[in-house]
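The block underneath contains the structure these notes are about, expressed in structure tokens.
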Amino acid sequence: MQEIMKQAKLKAEELLTKGVVNRVIGWTEGDFSYDCSPATFTLDNLDKFVYTEFCGANLSKYLIEESKKEGKILVFLKPCDTYSFNQLIQEHRIKRENIYVVGIECRGKVDIDKLRAFGIDGVLGCKTEGDKLICDTIYGEKTVDKVDVMLEKCLSCKGKKHVVYDELIGEEVVEEPKDRFGMVAQLEAMTEDERYKFWQNELSKCIRCNACRNVCPACSCVHCVFDNPDSNIASKANTDRFEEKLYHIIRAWHVAGRCTDCGECSRVCPQGIPLHLINRKFIKDMNEFYGEYQAGEDTETKAPLNSYTFGDREPHEFDTKEGK
Amino acid sequence: MQVENKTFKPTIVAFCCNWCSYAGADLAGSARLSYPAEVKIIRIPCSCRLNPMFILKAFQRGADGVILCGCHPGDCHYTTGNYYARRRMTTLFSMLNYLGIEKERTRVEWVSAAEGAKFSAVMNDFVATITALGENKKLEDLRCKK
Amino acid sequence: MMKISLKNLPELYSFIAKKNDLYLPIFKAGQVDFAKWDKDAIVDLNKLKTTKSAKDVFFPQSQDLVRFEVDGKKISIDEPIMPTNKQVIFGVKACDNRSFELLDMAFVEDYPDTFYEMRRANTTIVTLACAKPDEACFCKAYGIDAADPKGDVSTWIVDGYLHWMPNTDKGIELTTEVKDFFELDMDNSAVENQQSEIRAIIDRLPYSNIDLSKFTPDKLLELFNSPKWKALSEACLGCGTCTFVCPTCQCYDVKDFKTKTGVQRFKCWDSCMFADFTKCAHGNTRPSQMQRYRQRFMHKLVYFPSNHDGVYSCVGCGRCVQKCPQMLNIVKVIKTLGEDK
């Protein structure tokens with residue numbers, strides 16, 4: 001990881017010095033290793049650039065604003081982030097010609113909340129050694145298997161291939177895509193009432209902070225329906241339990257077919273609601289009903305909800321194996 | 001429970017496409033074919049006009065069942081609208097069911113302008129289904145019940 | 001002082017819950033938050049920080065204010081149900097307890113909020129010392145002692161016992177009601193040992209001695225005009241996580257909801273991070289996210305102290321440090337702006 005970070009920093013320095021780009025978007029260091037934030041860099045503050053196991057944040061959404069500005073910007077994208085990037089290109093939300101994409105190697109990112117749930121409190125700093133994560137805490141040094149504390153999005157990684165880039169840093173890690181739909185299938189196997197209870201329990205934790213919406217690269221509307229006071233649904237709290245369902249169904253629906261499953265919604269949820277299970281249900285359904293489709297894999301293929309065939313299954317056949 | 005079901009009168013919202021199903025409802029009327037008074041028809045220009053938000057808001061505002069009626073696939077006035085609607089409703093209904101909402105509460109039927117009899121039969125059947133299913137509890141908004 | 005074995009706590013809870021609404025840190029679907037206790041609830045007193053702060057108990061996320069019923073040309077007004085129930089909140093940490101005093105400045109002084117005031121008067125606060133503070137805690141910077149959490153009753157958990165000490169009249173009243181569950185404890189050494197341990201840990205925490213001296217009302221314009229806000233706020237998503245988990249954020253919005261037969265007027269938490277915060281006819285008073293971001297921290301560190309004798313509107317609980325999706329937080333602001341001398 002140290003090596004990749006050094007290479008990335010050198011690359012940024014080189015392109016900035018040559019004038020290929022006039023700024024860089026990456027991750028800046030925090031006080032503890034887990035609190036690195038997205039930031040833009042020039043040569044002045046490049047010393048604060050980091051790339052660690054805590055750089056889970058997907059930088060592609062920032063490009064909507066950044067690519068409209070003067071000059072070219074260098075962006076570091078992890079494999080899963082490149083899908084979001086492609087999707088934004090397809091939707092004409094970012095200007096490709098203003099962006100220099102450097103694909104950066106990723107071996108899975110760590111979830112600080114999982115680390116805490118694992119009983120590791122007071123984390124001051126972490127480093128990876130092989131498969132282990134060594135944490136320096138105020139209560140002494142602790143070691144965990146990295147796989148136990150990885151972000152949900154990394155445990156169900158789509159594969160480590162960058163689908164778009166101008167240049168690559170690090171090795172192309174070969175990884176078989178993992179099963180993303182196991183938990184969705186488990187929920188499907190439950191009865192209606194069990195599922196209702198499960199979701200009631202999860203969604204009732206929602207505090208309507210809108211972090212899932214604001215972080216989502218697919219949620220790029222200039223004005224969201226939930227911010228429209230005339231819609232009579234723009235309440236800032238879940239005053240009735242109907243509202244939490246309305247919000248989450250519509251949020252996921254608005255990105256259905258465009259969601260690349262980058263997993264940012266679940267990463268940022270302060271209440272740990274498994275929002276990816278809602279998005280993945282749409283993805284799984286559309287794969288089963290209308291053929292395999294991965295949003296963001298390229299910039300050409302039409303999304304399932306933007307096309308049709310004459311022989312599509314009827315709405316009431318959603319839970320049958322073959323449709324007709 | 002049985003007694004309750006007998007007195008329970010559901011509220012049904014039927015979104016009908018202007019060109020086929022709404023005319024089908026008209027035909028049912030002029031042919032003196034009856035359908036339950038619990039059905040409230042909302043006319044929409046095409047079945048693909050149905051925003052999923054409309055369905056959820058119908059439930060919020062007290063509907064116990066929501067049905068969408070449109071032209072038969074292939075007969076859309078705008079050529080392809082109902083094909084898109086079909087995909088949308090399939091995925092939406094699947095999602096509602098995934099969140100634990102009874103699958104019987106939502107339905108799509110294709111009813112042409114000539115099918116007054118089908119319209120009446122569909123509505124009778126849907127009302128009977130929802131009556132048997134009971135009140136919409138899982139997608140209710142208590143503020144709208146008072 | 002008195003003590004009770006931890007395994008007898010459920011009996012104490014059910015006794016208190018007979019006469020009061022009892023709020024405890026309760027585990028639900030992976031998170032611990034303050035919620036009303038019932039016999040099936042999973043209580044987690046070991047959790048250092050609940051995801052949301054304890055302010056919900058006095059200042060809930062949404063609160064019905066009034067209801068208008070419209071019947072033809074007749075409009076009637078339904079008065080809201082006042083929160084008259086007696087409440088006990090159990091397991092509040094020192095920082096959250098301090099936050100109630102800050103909320104009082106907003107909701108009780110000058111223009112009292114009747115709902116808040118009533119809940120505050122009806123509630124007995126049982127605090128709990130923080131046995132294991134974490135890296136994001138900086139309560140010490142605001143002069144809060146996590147080892148002596150105050151409130152109506154202070155408690156400490158040491159070696160399988162909950163040690164109980166009333167501090168106020170309300171605390172004594174509750175203690176008299178529940179005294180049969182406790183045994184007398186003349187020896188304070190266990191608690192005192194824990195207190196010195198906690199204080200030793202807190203002294204070592206990286207944020208404990210954070211320098212706030214720069215944030216004084218006379219520096220208002222200088223801080224407001226600092227060029228550093230742009231870089232600080234750059235990654236801000238404009239979500240409301242920091243404000244909704246914050247124990248001292250107190251902004252709310254009043255909204256109307258069309259019900260079946262009228263209008264329900266309610267108030268709910270609002271966030272200065274939202275693009276539609278204090279939106280008026282001409283638009284938003286703070287159109288850019290940088291301005292909104294600056295507002296939040298200027299309010300906590302400069303505006304609030306200049307209106308309230310230098311008291312900062314932050315208690316150092318560190319929730320924003322741990323919960324911000326992009327890891328922006330008040331400490332980064334304090335450090336970055338505090339550098340310019």
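Each chain in the structure tokens gets a letter, A, B and so on, in the order shown; residues start at 1 in every chain, and ligands are counted from 1 in the order they appear.
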
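What chain A places within 6 Å of chain C, counting only C-alpha atoms, is Asp35, Ser37, Pro38, Gly122, Cys209, Asn210, Ala211, Asn214, Thr239, Val268 and Pro270 of chain A.
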
Hey, what's within 10 Å of range 118-134 of chain B if we count only C-alpha atoms and toss same-chain stuff fewer than 4 positions away? As a short mmCIF file (atom, residue, chain, number, x, y, z; two decimals) with N, CA and C atoms, in the first residue's frame, please?
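New file part-v1.cif:
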data_model
loop_
_atom_site.label_atom_id
_atom_site.label_comp_id
_atom_site.auth_asym_id
_atom_site.auth_seq_id
_atom_site.Cartn_x
_atom_site.Cartn_y
_atom_site.Cartn_z
N MET B 1 -62.63 -12.11 13.12
CA MET B 1 -61.90 -11.76 11.90
C MET B 1 -62.84 -11.80 10.69
N GLN B 2 -63.61 -12.90 10.62
CA GLN B 2 -64.54 -13.08 9.51
C GLN B 2 -65.55 -11.93 9.43
N GLU B 4 -65.25 -8.95 10.67
CA GLU B 4 -64.57 -7.71 10.28
C GLU B 4 -64.44 -7.61 8.76
N ASN B 5 -64.03 -8.72 8.16
CA ASN B 5 -63.83 -8.70 6.72
C ASN B 5 -65.11 -8.38 5.96
N LYS B 6 -66.22 -8.81 6.52
CA LYS B 6 -67.49 -8.56 5.83
C LYS B 6 -67.83 -7.09 5.80
N THR B 7 -67.49 -6.39 6.92
CA THR B 7 -67.84 -4.98 6.95
C THR B 7 -66.76 -4.11 6.31
N PHE B 8 -65.58 -4.67 6.12
CA PHE B 8 -64.48 -3.88 5.56
C PHE B 8 -64.72 -3.54 4.09
N LYS B 9 -64.76 -2.25 3.80
CA LYS B 9 -64.89 -1.82 2.40
C LYS B 9 -63.58 -1.18 1.98
N PRO B 10 -62.87 -1.81 1.08
CA PRO B 10 -61.55 -1.28 0.72
C PRO B 10 -61.66 -0.03 -0.16
N THR B 11 -60.59 0.73 -0.18
CA THR B 11 -60.48 1.83 -1.14
C THR B 11 -59.51 1.37 -2.22
N ILE B 12 -59.96 1.41 -3.45
CA ILE B 12 -59.12 0.94 -4.55
C ILE B 12 -58.85 2.10 -5.49
N ALA B 14 -57.61 2.99 -9.17
CA ALA B 14 -57.33 2.40 -10.47
C ALA B 14 -56.79 3.49 -11.39
N SER B 21 -58.03 1.77 -21.41
CA SER B 21 -58.73 1.30 -20.22
C SER B 21 -59.80 2.28 -19.74
N TYR B 22 -59.53 3.59 -19.86
CA TYR B 22 -60.52 4.56 -19.43
C TYR B 22 -61.76 4.44 -20.32
N ALA B 23 -61.51 4.22 -21.62
CA ALA B 23 -62.61 4.00 -22.55
C ALA B 23 -63.30 2.67 -22.24
N GLY B 24 -62.51 1.70 -21.81
CA GLY B 24 -63.06 0.41 -21.42
C GLY B 24 -64.01 0.56 -20.23
N ALA B 25 -63.61 1.43 -19.28
CA ALA B 25 -64.46 1.69 -18.12
C ALA B 25 -65.76 2.36 -18.57
N ASP B 26 -65.64 3.28 -19.53
CA ASP B 26 -66.80 3.95 -20.11
C ASP B 26 -67.76 2.94 -20.73
N LEU B 27 -67.15 2.03 -21.47
CA LEU B 27 -67.96 1.01 -22.15
C LEU B 27 -68.69 0.14 -21.14
N ALA B 28 -67.96 -0.21 -20.07
CA ALA B 28 -68.59 -1.00 -19.02
C ALA B 28 -69.81 -0.25 -18.50
N GLY B 29 -69.66 1.08 -18.34
CA GLY B 29 -70.76 1.90 -17.85
C GLY B 29 -71.93 1.91 -18.82
N ARG B 32 -73.95 -1.05 -18.93
CA ARG B 32 -74.59 -1.35 -17.65
C ARG B 32 -73.96 -2.57 -16.95
N LEU B 33 -72.65 -2.70 -17.14
CA LEU B 33 -71.93 -3.74 -16.41
C LEU B 33 -71.43 -3.08 -15.13
N SER B 34 -71.67 -3.72 -14.02
CA SER B 34 -71.33 -3.03 -12.77
C SER B 34 -69.92 -3.37 -12.31
N TYR B 35 -69.33 -2.40 -11.63
CA TYR B 35 -68.11 -2.67 -10.87
C TYR B 35 -68.22 -1.93 -9.56
N PRO B 36 -67.53 -2.40 -8.52
CA PRO B 36 -67.76 -1.86 -7.17
C PRO B 36 -67.47 -0.37 -7.06
N ALA B 37 -68.26 0.29 -6.24
CA ALA B 37 -68.10 1.73 -6.04
C ALA B 37 -66.81 2.07 -5.30
N GLU B 38 -66.15 1.06 -4.71
CA GLU B 38 -64.90 1.31 -3.99
C GLU B 38 -63.78 1.70 -4.94
N VAL B 39 -63.97 1.41 -6.22
CA VAL B 39 -62.89 1.69 -7.19
C VAL B 39 -62.93 3.17 -7.57
N ASP B 64 -56.20 0.78 -0.31
CA ASP B 64 -55.88 -0.57 0.16
C ASP B 64 -55.35 -1.42 -0.98
N GLY B 65 -55.62 -0.97 -2.20
CA GLY B 65 -55.09 -1.67 -3.37
C GLY B 65 -54.93 -0.69 -4.51
N VAL B 66 -53.92 -0.91 -5.34
CA VAL B 66 -53.71 -0.02 -6.48
C VAL B 66 -53.59 -0.88 -7.73
N ILE B 67 -54.34 -0.51 -8.75
CA ILE B 67 -54.29 -1.27 -9.99
C ILE B 67 -54.01 -0.31 -11.15
N CYS B 69 -54.29 0.03 -15.24
CA CYS B 69 -54.84 -0.55 -16.45
C CYS B 69 -54.33 0.22 -17.66
N GLU B 102 -47.75 -7.12 0.76
CA GLU B 102 -48.45 -8.22 0.13
C GLU B 102 -48.48 -8.03 -1.39
N GLU B 104 -50.53 -9.11 -3.53
CA GLU B 104 -51.88 -8.97 -4.09
C GLU B 104 -52.34 -7.51 -4.13
N ARG B 105 -51.69 -6.64 -3.35
CA ARG B 105 -52.17 -5.26 -3.26
C ARG B 105 -51.95 -4.44 -4.52
N THR B 106 -51.04 -4.89 -5.34
CA THR B 106 -50.76 -4.14 -6.56
C THR B 106 -51.01 -5.05 -7.75
N ARG B 107 -51.50 -4.48 -8.83
CA ARG B 107 -51.80 -5.31 -9.99
C ARG B 107 -51.72 -4.47 -11.26
N GLU B 109 -53.32 -4.70 -15.23
CA GLU B 109 -54.16 -5.44 -16.19
C GLU B 109 -54.22 -4.66 -17.49
N TRP B 110 -54.19 -5.38 -18.58
CA TRP B 110 -54.31 -4.72 -19.88
C TRP B 110 -55.77 -4.80 -20.31
N VAL B 111 -56.41 -3.65 -20.47
CA VAL B 111 -57.83 -3.61 -20.81
C VAL B 111 -58.00 -2.68 -22.01
N SER B 112 -58.53 -3.19 -23.09
CA SER B 112 -58.69 -2.35 -24.28
C SER B 112 -60.03 -1.61 -24.21
N ALA B 113 -60.22 -0.66 -25.15
CA ALA B 113 -61.44 0.14 -25.18
C ALA B 113 -62.66 -0.71 -25.47
N ALA B 114 -62.43 -1.88 -26.04
CA ALA B 114 -63.55 -2.75 -26.40
C ALA B 114 -63.89 -3.73 -25.28
#

Which residues of chain B sit at most 8 Å from chain A, using only C-alpha atoms? Give each one's shortest atom pair and distance in Å (one decimal place), in chain and ascending residue order, as a Markdown table.
| residue | atom | partner | partner_atom | distance |
| --- | --- | --- | --- | --- |
| B:Pro52 | CA | A:Ile250 | CA | 7.7 |
| B:Met53 | CA | A:Ile250 | CA | 7.0 |
| B:Leu56 | CA | A:Leu246 | CA | 6.9 |
| B:Gln60 | CA | A:Phe242 | CA | 7.2 |
| B:Pro73 | CA | A:Phe310 | CA | 7.6 |
| B:Gly74 | CA | A:Phe310 | CA | 7.8 |
| B:Tyr83 | CA | A:Tyr308 | CA | 6.0 |
| B:Tyr84 | CA | A:Tyr308 | CA | 6.3 |
| B:Arg86 | CA | A:Pro315 | CA | 6.2 |
| B:Arg87 | CA | A:Leu305 | CA | 6.4 |
| B:Arg88 | CA | A:Leu305 | CA | 6.6 |
| B:Met89 | CA | A:Pro315 | CA | 5.7 |
| B:Thr90 | CA | A:Pro315 | CA | 3.9 |
| B:Thr91 | CA | A:Asp285 | CA | 6.7 |
| B:Leu92 | CA | A:Trp253 | CA | 7.7 |
| B:Phe93 | CA | A:Pro315 | CA | 7.0 |
| B:Ser94 | CA | A:Phe318 | CA | 5.7 |
| B:Met95 | CA | A:Phe282 | CA | 7.1 |
| B:Asn97 | CA | A:Glu192 | CA | 7.0 |
| B:Tyr98 | CA | A:Glu188 | CA | 6.5 |
| B:Leu99 | CA | A:Tyr196 | CA | 5.4 |
| B:Gly100 | CA | A:Tyr196 | CA | 4.0 |
| B:Ile101 | CA | A:Glu192 | CA | 6.7 |
| B:Glu102 | CA | A:Glu192 | CA | 6.8 |
| B:Arg107 | CA | A:His316 | CA | 6.7 |
| B:Val108 | CA | A:Pro315 | CA | 6.5 |
| B:Lys138 | CA | A:Tyr196 | CA | 7.9 |
| B:Leu139 | CA | A:Phe242 | CA | 6.0 |
| B:Glu140 | CA | A:Phe242 | CA | 6.1 |
| B:Asp141 | CA | A:Phe242 | CA | 5.3 |
| B:Leu142 | CA | A:Asp240 | CA | 6.9 |
| B:Arg143 | CA | A:Asp240 | CA | 7.3 |

message: Give me, as a list in words, all polymer residues having an atom no more than 8 Å from Cys135 in chain A, counting only C-alpha atoms and skipping those fewer than 4 positions away in the same chain.
response: Val123, Leu124, Gly125, Cys126, Lys127, Glu141, Lys142 and Thr143 of chain A

- request: Give me, as a ChimeraX atom specification, the contact residues of chain B against chain C at a cut-off of 9 Å, counting only C-alpha atoms.
  value: /B:61-62,143-146

Those residues with N, CA and C atoms, as a PDB file, in the first residue's frame please?
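Dumped everything to out06.pdb:
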ATOM      1  N   ARG B  61     -52.290   7.752   1.213  1.00  0.00           N
ATOM      2  CA  ARG B  61     -53.534   8.506   1.371  1.00  0.00           C
ATOM      3  C   ARG B  61     -54.732   7.594   1.648  1.00  0.00           C
ATOM      4  N   GLY B  62     -54.474   6.323   1.862  1.00  0.00           N
ATOM      5  CA  GLY B  62     -55.573   5.468   2.316  1.00  0.00           C
ATOM      6  C   GLY B  62     -56.025   4.389   1.362  1.00  0.00           C
ATOM      7  N   ARG B 143     -51.035   9.443   9.921  1.00  0.00           N
ATOM      8  CA  ARG B 143     -51.498  10.829   9.911  1.00  0.00           C
ATOM      9  C   ARG B 143     -52.670  11.019   8.944  1.00  0.00           C
ATOM     10  N   CYS B 144     -52.720  10.142   7.939  1.00  0.00           N
ATOM     11  CA  CYS B 144     -53.797  10.278   6.942  1.00  0.00           C
ATOM     12  C   CYS B 144     -55.032   9.505   7.341  1.00  0.00           C
ATOM     13  N   LYS B 145     -54.989   8.829   8.482  1.00  0.00           N
ATOM     14  CA  LYS B 145     -56.140   8.022   8.896  1.00  0.00           C
ATOM     15  C   LYS B 145     -57.033   8.783   9.855  1.00  0.00           C
ATOM     16  N   LYS B 146     -56.440   9.782  10.539  1.00  0.00           N
ATOM     17  CA  LYS B 146     -57.206  10.497  11.553  1.00  0.00           C
ATOM     18  C   LYS B 146     -58.238  11.405  10.919  1.00  0.00           C
TER      19      LYS B 146
END

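Using only C-alpha atoms, the shortest contact distance between Asp121 in chain A and any of C:Leu301, C:Glu11, C:Lys49, C:Gly151 is found at C:Lys49.
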
- prompt: CA of Asn136 in chain B and CA of Cys16 in chain B are how many Å apart?
  reply: 21.4 Å
